[in-house]
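S.K.: This is input-v3.pdb (PDB, C-alpha atoms, pLDDT in the B column).
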```pdb
MODEL        1
ATOM      1  CA  MET Z 102       0.000   0.000   0.000  1.00 55.00           C
ATOM      2  CA  THR Z 103       1.460   3.334  -1.017  1.00 87.00           C
ATOM      3  CA  LEU Z 104      -0.998   5.713   0.571  1.00 93.00           C
ATOM      4  CA  GLN Z 105       0.144   9.292   0.944  1.00 94.00           C
ATOM      5  CA  ARG Z 106      -2.156  11.258   3.164  1.00 94.00           C
ATOM      6  CA  ASP Z 107      -2.017  15.037   2.873  1.00 95.00           C
ATOM      7  CA  PRO Z 108       1.432  15.173   1.251  1.00 93.00           C
ATOM      8  CA  GLN Z 109       1.313  18.987   1.317  1.00 94.00           C
ATOM      9  CA  HIS Z 110       0.662  19.009   5.089  1.00 95.00           C
ATOM     10  CA  LEU Z 111      -2.395  21.227   4.664  1.00 96.00           C
ATOM     11  CA  GLU Z 112      -4.131  19.811   7.723  1.00 95.00           C
ATOM     12  CA  ARG Z 113      -1.172  20.667   9.950  1.00 95.00           C
ATOM     13  CA  LYS Z 114      -0.927  24.135   8.455  1.00 96.00           C
ATOM     14  CA  ALA Z 115      -4.626  24.769   9.086  1.00 96.00           C
ATOM     15  CA  LEU Z 116      -4.320  23.597  12.665  1.00 95.00           C
ATOM     16  CA  LEU Z 117      -1.340  25.860  13.339  1.00 95.00           C
ATOM     17  CA  ARG Z 118      -3.139  28.812  11.714  1.00 96.00           C
ATOM     18  CA  PHE Z 119      -6.121  28.349  13.989  1.00 97.00           C
ATOM     19  CA  ALA Z 120      -4.395  27.838  17.323  1.00 96.00           C
ATOM     20  CA  ASP Z 121      -1.214  29.028  18.948  1.00 96.00           C
ATOM     21  CA  PHE Z 122      -0.003  25.994  20.879  1.00 96.00           C
ATOM     22  CA  ARG Z 123       3.075  27.597  22.399  1.00 95.00           C
ATOM     23  CA  ASP Z 124       3.193  26.950  26.149  1.00 94.00           C
ATOM     24  CA  LYS Z 125      -0.391  25.688  26.096  1.00 97.00           C
ATOM     25  CA  ARG Z 126      -1.933  22.721  27.863  1.00 98.00           C
ATOM     26  CA  VAL Z 127      -3.835  20.861  25.173  1.00 98.00           C
ATOM     27  CA  LEU Z 128      -6.578  18.250  25.370  1.00 98.00           C
ATOM     28  CA  GLU Z 129      -7.107  16.176  22.241  1.00 97.00           C
ATOM     29  CA  VAL Z 130     -10.463  14.433  22.050  1.00 95.00           C
ATOM     30  CA  GLY Z 131     -10.464  11.251  19.998  1.00 94.00           C
ATOM     31  CA  CYS Z 132      -6.758  11.024  19.209  1.00 95.00           C
ATOM     32  CA  GLY Z 133      -7.028   7.547  17.678  1.00 94.00           C
ATOM     33  CA  GLU Z 134      -3.570   6.374  16.658  1.00 95.00           C
ATOM     34  CA  GLY Z 135      -2.098   9.841  17.238  1.00 95.00           C
ATOM     35  CA  ARG Z 136      -1.729  10.837  13.614  1.00 93.00           C
ATOM     36  CA  LEU Z 137      -2.845  14.417  14.287  1.00 94.00           C
ATOM     37  CA  THR Z 138      -1.198  14.597  17.712  1.00 96.00           C
ATOM     38  CA  TRP Z 139       2.305  14.269  16.301  1.00 95.00           C
ATOM     39  CA  LEU Z 140       1.613  17.187  13.951  1.00 92.00           C
ATOM     40  CA  TYR Z 141       1.324  19.861  16.639  1.00 94.00           C
ATOM     41  CA  ALA Z 142       2.576  18.402  19.937  1.00 96.00           C
ATOM     42  CA  ASP Z 143       6.096  19.771  19.522  1.00 94.00           C
ATOM     43  CA  SER Z 144       4.685  23.279  19.882  1.00 92.00           C
ATOM     44  CA  ALA Z 145       2.616  22.643  23.008  1.00 96.00           C
ATOM     45  CA  HIS Z 146       3.652  22.718  26.651  1.00 97.00           C
ATOM     46  CA  HIS Z 147       1.795  19.482  27.309  1.00 97.00           C
ATOM     47  CA  VAL Z 148      -0.773  17.362  25.484  1.00 98.00           C
ATOM     48  CA  THR Z 149      -3.297  14.993  27.008  1.00 97.00           C
ATOM     49  CA  ALA Z 150      -4.736  12.896  24.203  1.00 96.00           C
ATOM     50  CA  PHE Z 151      -7.486  10.382  24.790  1.00 95.00           C
ATOM     51  CA  ASP Z 152      -9.613   7.914  22.908  1.00 94.00           C
ATOM     52  CA  PRO Z 153     -12.051   5.175  23.934  1.00 93.00           C
ATOM     53  CA  ASP Z 154     -10.488   2.807  21.378  1.00 94.00           C
ATOM     54  CA  LEU Z 155      -7.785   0.993  23.325  1.00 95.00           C
ATOM     55  CA  ASP Z 156      -6.418  -0.748  20.231  1.00 96.00           C
ATOM     56  CA  ALA Z 157      -5.852   2.613  18.579  1.00 95.00           C
ATOM     57  CA  LEU Z 158      -4.187   3.897  21.745  1.00 96.00           C
ATOM     58  CA  ARG Z 159      -1.837   0.935  21.739  1.00 96.00           C
ATOM     59  CA  VAL Z 160      -0.730   1.932  18.242  1.00 97.00           C
ATOM     60  CA  ALA Z 161      -0.362   5.547  19.383  1.00 96.00           C
ATOM     61  CA  ARG Z 162       1.859   4.516  22.280  1.00 96.00           C
ATOM     62  CA  THR Z 163       4.035   2.498  19.921  1.00 96.00           C
ATOM     63  CA  ASP Z 164       4.240   5.294  17.353  1.00 95.00           C
ATOM     64  CA  ARG Z 165       4.800   8.130  19.821  1.00 96.00           C
ATOM     65  CA  PRO Z 166       8.136   9.732  18.957  1.00 95.00           C
ATOM     66  CA  VAL Z 167      10.694   9.451  21.744  1.00 95.00           C
ATOM     67  CA  ARG Z 168      11.054  13.236  21.898  1.00 95.00           C
ATOM     68  CA  LEU Z 169       7.345  13.485  22.820  1.00 95.00           C
ATOM     69  CA  GLU Z 170       7.243  10.844  25.555  1.00 94.00           C
ATOM     70  CA  SER Z 171       7.241  13.347  28.397  1.00 94.00           C
ATOM     71  CA  ARG Z 172       5.114  15.880  26.557  1.00 96.00           C
ATOM     72  CA  VAL Z 173       2.224  13.728  25.340  1.00 97.00           C
ATOM     73  CA  ALA Z 174       0.113  11.643  27.721  1.00 97.00           C
ATOM     74  CA  LEU Z 175      -2.128   9.050  26.066  1.00 97.00           C
ATOM     75  CA  THR Z 176      -5.105   7.705  27.945  1.00 94.00           C
ATOM     76  CA  GLY Z 177      -8.290   5.736  27.470  1.00 94.00           C
ATOM     77  CA  ALA Z 178     -11.430   7.761  28.168  1.00 90.00           C
ATOM     78  CA  SER Z 179     -14.804   8.732  26.788  1.00 88.00           C
ATOM     79  CA  ALA Z 180     -15.753  12.327  26.056  1.00 86.00           C
ATOM     80  CA  ARG Z 181     -19.005  11.842  27.950  1.00 85.00           C
ATOM     81  CA  HIS Z 182     -17.155  11.852  31.277  1.00 89.00           C
ATOM     82  CA  LEU Z 183     -13.758  13.476  31.138  1.00 92.00           C
ATOM     83  CA  PRO Z 184     -11.528  12.343  34.011  1.00 92.00           C
ATOM     84  CA  PHE Z 185      -9.946  15.777  34.409  1.00 94.00           C
ATOM     85  CA  PRO Z 186     -10.483  18.660  36.831  1.00 95.00           C
ATOM     86  CA  HIS Z 187     -12.216  21.916  35.933  1.00 96.00           C
ATOM     87  CA  GLU Z 188     -10.298  24.452  33.844  1.00 96.00           C
ATOM     88  CA  LYS Z 189      -7.240  22.287  33.316  1.00 96.00           C
ATOM     89  CA  PHE Z 190      -6.675  22.965  29.603  1.00 98.00           C
ATOM     90  CA  ASP Z 191      -6.060  26.027  27.432  1.00 98.00           C
ATOM     91  CA  ILE Z 192      -6.997  24.366  24.149  1.00 98.00           C
ATOM     92  CA  ALA Z 193      -9.194  21.401  23.267  1.00 98.00           C
ATOM     93  CA  ILE Z 194      -9.100  19.742  19.867  1.00 97.00           C
ATOM     94  CA  LEU Z 195     -11.882  17.669  18.438  1.00 94.00           C
ATOM     95  CA  ALA Z 196      -9.846  15.604  16.040  1.00 84.00           C
ATOM     96  CA  TRP Z 197     -12.250  14.066  13.547  1.00 80.00           C
ATOM     97  CA  SER Z 198     -14.242  13.110  16.616  1.00 72.00           C
ATOM     98  CA  LEU Z 199     -17.414  15.168  16.866  1.00 70.00           C
TER      99      LEU Z 199
ATOM    100  CA  MET O 278     -22.350  14.854  21.534  1.00 83.00           C
ATOM    101  CA  VAL O 279     -23.817  17.868  23.315  1.00 89.00           C
ATOM    102  CA  HIS O 280     -22.937  16.362  26.680  1.00 90.00           C
ATOM    103  CA  ALA O 281     -19.352  15.846  25.480  1.00 93.00           C
ATOM    104  CA  LEU O 282     -19.179  19.506  24.482  1.00 95.00           C
ATOM    105  CA  ASP O 283     -20.353  20.478  27.956  1.00 94.00           C
ATOM    106  CA  GLU O 284     -17.589  18.328  29.431  1.00 95.00           C
ATOM    107  CA  ILE O 285     -15.007  19.949  27.179  1.00 96.00           C
ATOM    108  CA  ARG O 286     -16.284  23.338  28.263  1.00 96.00           C
ATOM    109  CA  ARG O 287     -15.886  22.315  31.895  1.00 96.00           C
ATOM    110  CA  VAL O 288     -12.219  21.382  31.534  1.00 97.00           C
ATOM    111  CA  LEU O 289     -11.281  24.465  29.488  1.00 98.00           C
ATOM    112  CA  VAL O 290      -9.962  27.588  31.185  1.00 97.00           C
ATOM    113  CA  PRO O 291     -12.056  30.772  30.845  1.00 96.00           C
ATOM    114  CA  ALA O 292     -11.770  31.997  27.231  1.00 95.00           C
ATOM    115  CA  GLY O 293     -10.149  28.667  26.332  1.00 97.00           C
ATOM    116  CA  VAL O 294     -10.108  27.590  22.701  1.00 98.00           C
ATOM    117  CA  LEU O 295     -11.909  24.656  21.119  1.00 97.00           C
ATOM    118  CA  ILE O 296     -10.763  23.542  17.660  1.00 97.00           C
ATOM    119  CA  ASP O 297     -13.207  21.405  15.704  1.00 96.00           C
ATOM    120  CA  LEU O 298     -11.435  19.721  12.789  1.00 95.00           C
ATOM    121  CA  ARG O 299     -13.344  17.241  10.699  1.00 94.00           C
ATOM    122  CA  PRO O 300     -14.076  16.016   7.187  1.00 94.00           C
ATOM    123  CA  LEU O 301     -17.327  17.010   5.511  1.00 93.00           C
ATOM    124  CA  GLU O 302     -19.248  14.731   3.201  1.00 90.00           C
ATOM    125  CA  ALA O 303     -19.287  16.423  -0.184  1.00 91.00           C
ATOM    126  CA  ARG O 304     -19.021  13.691  -2.813  1.00 95.00           C
ATOM    127  CA  TRP O 305     -15.243  13.888  -2.746  1.00 97.00           C
ATOM    128  CA  PRO O 306     -13.636  14.074  -6.196  1.00 98.00           C
ATOM    129  CA  VAL O 307     -11.541  11.189  -7.485  1.00 98.00           C
ATOM    130  CA  GLU O 308      -8.632  12.484  -9.535  1.00 98.00           C
ATOM    131  CA  VAL O 309      -5.713  11.240 -11.588  1.00 97.00           C
ATOM    132  CA  ALA O 310      -2.745  13.527 -10.974  1.00 96.00           C
ATOM    133  CA  SER O 311       0.681  13.713 -12.527  1.00 92.00           C
ATOM    134  CA  GLY O 312       3.377  16.346 -12.403  1.00 85.00           C
ATOM    135  CA  THR O 313       1.727  18.240 -15.225  1.00 85.00           C
ATOM    136  CA  SER O 314      -2.020  17.846 -14.751  1.00 92.00           C
ATOM    137  CA  THR O 315      -4.863  16.809 -12.475  1.00 95.00           C
ATOM    138  CA  VAL O 316      -8.026  15.355 -13.997  1.00 96.00           C
ATOM    139  CA  GLU O 317     -11.237  14.615 -12.118  1.00 97.00           C
ATOM    140  CA  VAL O 318     -12.620  11.235 -13.178  1.00 97.00           C
ATOM    141  CA  GLY O 319     -15.678  11.051 -10.939  1.00 97.00           C
ATOM    142  CA  ARG O 320     -16.849  11.409  -7.375  1.00 97.00           C
ATOM    143  CA  LEU O 321     -17.349   9.151  -4.391  1.00 97.00           C
ATOM    144  CA  THR O 322     -20.853   8.438  -3.165  1.00 95.00           C
ATOM    145  CA  ASP O 323     -21.598   9.577   0.383  1.00 91.00           C
ATOM    146  CA  LEU O 324     -23.398   6.869   2.319  1.00 93.00           C
ATOM    147  CA  PRO O 325     -26.278   7.665   4.703  1.00 92.00           C
ATOM    148  CA  VAL O 326     -24.319   6.889   7.899  1.00 91.00           C
ATOM    149  CA  ALA O 327     -21.640   9.427   6.998  1.00 89.00           C
ATOM    150  CA  ILE O 328     -24.194  12.078   6.087  1.00 91.00           C
ATOM    151  CA  ALA O 329     -26.049  11.498   9.362  1.00 91.00           C
ATOM    152  CA  ASP O 330     -22.771  11.802  11.316  1.00 89.00           C
ATOM    153  CA  ASP O 331     -22.031  15.123   9.629  1.00 90.00           C
ATOM    154  CA  GLU O 332     -25.459  16.482  10.392  1.00 91.00           C
ATOM    155  CA  ALA O 333     -25.321  15.337  14.010  1.00 92.00           C
ATOM    156  CA  ALA O 334     -21.938  17.024  14.543  1.00 92.00           C
ATOM    157  CA  THR O 335     -23.185  20.278  13.050  1.00 93.00           C
ATOM    158  CA  ARG O 336     -26.336  20.160  15.161  1.00 94.00           C
ATOM    159  CA  ALA O 337     -24.307  19.542  18.327  1.00 93.00           C
ATOM    160  CA  MET O 338     -22.106  22.577  17.734  1.00 94.00           C
ATOM    161  CA  GLN O 339     -25.150  24.691  16.930  1.00 94.00           C
ATOM    162  CA  GLU O 340     -26.725  23.562  20.185  1.00 95.00           C
ATOM    163  CA  ALA O 341     -23.570  24.429  22.147  1.00 94.00           C
ATOM    164  CA  GLU O 342     -23.508  27.858  20.495  1.00 95.00           C
ATOM    165  CA  MET O 343     -27.190  28.409  21.199  1.00 95.00           C
ATOM    166  CA  ARG O 344     -26.692  27.527  24.868  1.00 95.00           C
ATOM    167  CA  GLY O 345     -23.963  30.154  25.053  1.00 95.00           C
ATOM    168  CA  TRP O 346     -21.174  27.684  25.809  1.00 96.00           C
ATOM    169  CA  PHE O 347     -18.943  28.664  22.897  1.00 97.00           C
ATOM    170  CA  ILE O 348     -18.574  31.598  20.519  1.00 97.00           C
ATOM    171  CA  ARG O 349     -17.567  30.888  16.935  1.00 96.00           C
ATOM    172  CA  GLU O 350     -14.446  32.926  16.128  1.00 97.00           C
ATOM    173  CA  ARG O 351     -13.163  31.644  12.825  1.00 97.00           C
ATOM    174  CA  GLU O 352     -14.034  29.007  10.260  1.00 97.00           C
ATOM    175  CA  GLU O 353     -12.471  27.750   7.031  1.00 97.00           C
ATOM    176  CA  PHE O 354     -12.979  25.038   4.493  1.00 97.00           C
ATOM    177  CA  PHE O 355      -9.968  23.440   2.918  1.00 97.00           C
ATOM    178  CA  SER O 356      -9.148  20.200   1.194  1.00 97.00           C
ATOM    179  CA  TYR O 357      -6.296  17.760   0.969  1.00 96.00           C
ATOM    180  CA  VAL O 358      -5.670  14.529  -0.847  1.00 96.00           C
ATOM    181  CA  TYR O 359      -5.304  10.878  -0.078  1.00 97.00           C
ATOM    182  CA  SER O 360      -3.089   9.577  -2.870  1.00 97.00           C
ATOM    183  CA  TRP O 361      -2.186   6.090  -4.101  1.00 97.00           C
ATOM    184  CA  ASP O 362       0.152   4.697  -6.740  1.00 96.00           C
ATOM    185  CA  THR O 363      -2.617   2.776  -8.495  1.00 96.00           C
ATOM    186  CA  PRO O 364      -6.431   2.693  -8.738  1.00 97.00           C
ATOM    187  CA  SER O 365      -6.510  -0.827  -7.316  1.00 96.00           C
ATOM    188  CA  GLU O 366      -4.683   0.348  -4.174  1.00 97.00           C
ATOM    189  CA  MET O 367      -7.224   3.140  -3.811  1.00 97.00           C
ATOM    190  CA  LYS O 368     -10.065   0.654  -4.112  1.00 96.00           C
ATOM    191  CA  GLU O 369      -8.503  -1.705  -1.577  1.00 96.00           C
ATOM    192  CA  PHE O 370      -8.054   1.133   0.906  1.00 95.00           C
ATOM    193  CA  MET O 371     -11.658   2.256   0.562  1.00 94.00           C
ATOM    194  CA  GLU O 372     -12.983  -1.236   1.052  1.00 93.00           C
ATOM    195  CA  ASP O 373     -10.837  -1.645   4.173  1.00 93.00           C
ATOM    196  CA  GLU O 374     -11.063   1.800   5.754  1.00 91.00           C
ATOM    197  CA  TRP O 375     -14.075   3.687   4.433  1.00 91.00           C
ATOM    198  CA  GLU O 376     -16.626   0.895   4.080  1.00 90.00           C
ATOM    199  CA  GLY O 377     -20.004   2.114   5.258  1.00 88.00           C
ATOM    200  CA  PHE O 378     -19.073   5.774   4.833  1.00 90.00           C
ATOM    201  CA  GLU O 379     -17.916   6.277   1.266  1.00 93.00           C
ATOM    202  CA  LYS O 380     -18.579   4.204  -1.823  1.00 94.00           C
ATOM    203  CA  LEU O 381     -16.418   4.003  -4.910  1.00 96.00           C
ATOM    204  CA  GLU O 382     -18.864   3.220  -7.683  1.00 96.00           C
ATOM    205  CA  GLU O 383     -17.615   0.730 -10.268  1.00 96.00           C
ATOM    206  CA  SER O 384     -18.049   3.291 -13.065  1.00 97.00           C
ATOM    207  CA  VAL O 385     -15.824   5.780 -11.228  1.00 97.00           C
ATOM    208  CA  TYR O 386     -13.239   3.094 -10.557  1.00 97.00           C
ATOM    209  CA  GLN O 387     -13.162   2.164 -14.227  1.00 97.00           C
ATOM    210  CA  SER O 388     -12.815   5.816 -15.231  1.00 97.00           C
ATOM    211  CA  ALA O 389      -9.894   6.136 -12.831  1.00 97.00           C
ATOM    212  CA  GLN O 390      -8.251   3.040 -14.280  1.00 97.00           C
ATOM    213  CA  SER O 391      -8.684   4.309 -17.846  1.00 96.00           C
ATOM    214  CA  ALA O 392      -7.333   7.786 -17.102  1.00 96.00           C
ATOM    215  CA  TRP O 393      -4.455   6.440 -15.036  1.00 96.00           C
ATOM    216  CA  ALA O 394      -3.471   3.929 -17.746  1.00 95.00           C
ATOM    217  CA  VAL O 395      -2.901   6.644 -20.345  1.00 94.00           C
ATOM    218  CA  ALA O 396      -1.420   9.270 -18.002  1.00 93.00           C
ATOM    219  CA  ASN O 397       2.251  10.010 -17.450  1.00 91.00           C
ATOM    220  CA  ALA O 398       4.359   7.366 -15.714  1.00 90.00           C
ATOM    221  CA  ASP O 399       4.368   9.394 -12.485  1.00 92.00           C
ATOM    222  CA  ALA O 400       0.566   9.561 -12.347  1.00 95.00           C
ATOM    223  CA  ARG O 401      -1.181   8.724  -9.089  1.00 96.00           C
ATOM    224  CA  VAL O 402      -4.821   8.425  -8.215  1.00 97.00           C
ATOM    225  CA  GLN O 403      -6.191  10.557  -5.400  1.00 97.00           C
ATOM    226  CA  VAL O 404      -9.299  11.531  -3.474  1.00 97.00           C
ATOM    227  CA  ARG O 405      -9.730  15.162  -2.493  1.00 97.00           C
ATOM    228  CA  VAL O 406     -11.228  15.287   0.999  1.00 96.00           C
ATOM    229  CA  LYS O 407     -13.167  18.381   2.043  1.00 96.00           C
ATOM    230  CA  MET O 408     -12.343  19.574   5.549  1.00 96.00           C
ATOM    231  CA  LEU O 409     -13.844  22.058   7.973  1.00 96.00           C
ATOM    232  CA  ILE O 410     -11.885  23.728  10.746  1.00 97.00           C
ATOM    233  CA  THR O 411     -13.568  25.988  13.273  1.00 97.00           C
ATOM    234  CA  ARG O 412     -12.152  27.856  16.250  1.00 98.00           C
ATOM    235  CA  TRP O 413     -14.531  28.394  19.152  1.00 97.00           C
ATOM    236  CA  LYS O 414     -13.902  30.398  22.281  1.00 97.00           C
ATOM    237  CA  LYS O 415     -15.342  29.293  25.584  1.00 97.00           C
ATOM    238  CA  SER O 416     -17.772  31.941  26.703  1.00 92.00           C
ATOM    239  CA  ASN O 417     -17.763  32.896  30.353  1.00 71.00           C
TER     240      ASN O 417
ENDMDL
END
```
Once more with this new file: its structure as structure tokens, please.

M.R.:
Amino acid sequence: MTLQRDPQHLERKALLRFADFRDKRVLEVGCGEGRLTWLYADSAHHVTAFDPDLDALRVARTDRPVRLESRVALTGASARHLPFPHEKFDIAILAWSL
Amino acid sequence: MVHALDEIRRVLVPAGVLIDLRPLEARWPVEVASGTSTVEVGRLTDLPVAIADDEAATRAMQEAEMRGWFIREREEFFSYVYSWDTPSEMKEFMEDEWEGFEKLEESVYQSAQSAWAVANADARVQVRVKMLITRWKKSN
């Protein structure tokens, strides 16, 4: 399979145009295998990315670049009941998940 | 979905930002592209489940806006491509990954094969996906 997805990186560019991630605490809703997470996480202070699909999370944990291990936390959760305190994040991303 | 948006609102700081990034069903074009040209050979068929998902997502955001949870600040449409070396690889991907959401009609597949067969050696087949990105601000 020779799939190229978004070879011009237009999705990443749009994301970075719409949000300034510098020094921000980011919550990513529905991170799946982390494809989108790796596109912006370098800019953020910290990213908490979650998904109810544990198989996808397993792939995300495997694919997570070493440089992002301390910056990106991956967890299993449902958006219906977020296991986080009030006002913890500066930015939330619905990543193909609404 | 609305409950999830309320949860997201709860965990965002005052004036926090919500980015909604998602594909929109729009009978995505199937194209054959080489270094010198891009030719549309047909369009995918949106299946009812995908259309219903789109509508539900839009309704949920409208509801959140109506309840005063978020203020829409900025919105853009853009598109990008999924690209394969050959039409058969495209078809295989769609059957594996997009089954139930998008359908590649046989006539469109055959058009892609025909156009690809006579195109330059570097030609690839691609689907142009329509995307929506919206920035919302948590209202206080």

S.K.: Which residues, named as in the file, does the PyMOL selection byres ((chain O and resi 347) around 6) pick out? Answer as a list in words.

M.R.: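 Evaluating the PyMOL selection byres ((chain O and resi 347) around 6) on this file yields Glu342, Gly345, Trp346, Ile348, Trp413, Lys414, Lys415 and Ser416 of chain O.
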
S.K.: For those residues, write C-alpha atoms to a file as a PDB file, keeping the file's coordinate frame.

M.R.:
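Final output, saved to again_12.pdb:
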```pdb
ATOM      1  CA  GLU O 342     -23.508  27.858  20.495  1.00 95.00           C
ATOM      2  CA  GLY O 345     -23.963  30.154  25.053  1.00 95.00           C
ATOM      3  CA  TRP O 346     -21.174  27.684  25.809  1.00 96.00           C
ATOM      4  CA  ILE O 348     -18.574  31.598  20.519  1.00 97.00           C
ATOM      5  CA  TRP O 413     -14.531  28.394  19.152  1.00 97.00           C
ATOM      6  CA  LYS O 414     -13.902  30.398  22.281  1.00 97.00           C
ATOM      7  CA  LYS O 415     -15.342  29.293  25.584  1.00 97.00           C
ATOM      8  CA  SER O 416     -17.772  31.941  26.703  1.00 92.00           C
TER       9      SER O 416
END
```

S.K.: Which residue gives the smallest distance to chain O among Z:Glu129, Z:Asp164, Z:Asp124, Z:Asp156, with all atoms listed in the file counted?

M.R.: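 Checking each candidate against chain O, we get Z:Glu129 as the closest.
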
S.K.: Give me, as a PyMOL selection string, the contact residues of chain Z against chain O at a cut-off of 12 Å, counting only C-alpha atoms.

M.R.: chain Z and resi 102-122+125-132+137+149+178-199

S.K.: Between Z:Gly177, Z:Glu134, Z:Ala145, Z:Arg123, single out the one closest to Ala161 (chain Z), counting only C-alpha atoms.

M.R.: Z:Glu134

S.K.: What would the selection look like, as a PyMOL selection string, if the PyMOL selection byres ((chain O and resi 389) around 9) were run on the coordinates I just shared?

M.R.: chain O and resi 307-309+317-319+364+384-388+390-394+402

S.K.: Report, in Å with one decimal, the straight-line distance from CA of Val148 (chain Z) to CA of Val173 (chain Z).

M.R.: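 Taking CA of Val148 (chain Z) and CA of Val173 (chain Z), their separation equals 4.7 Å.
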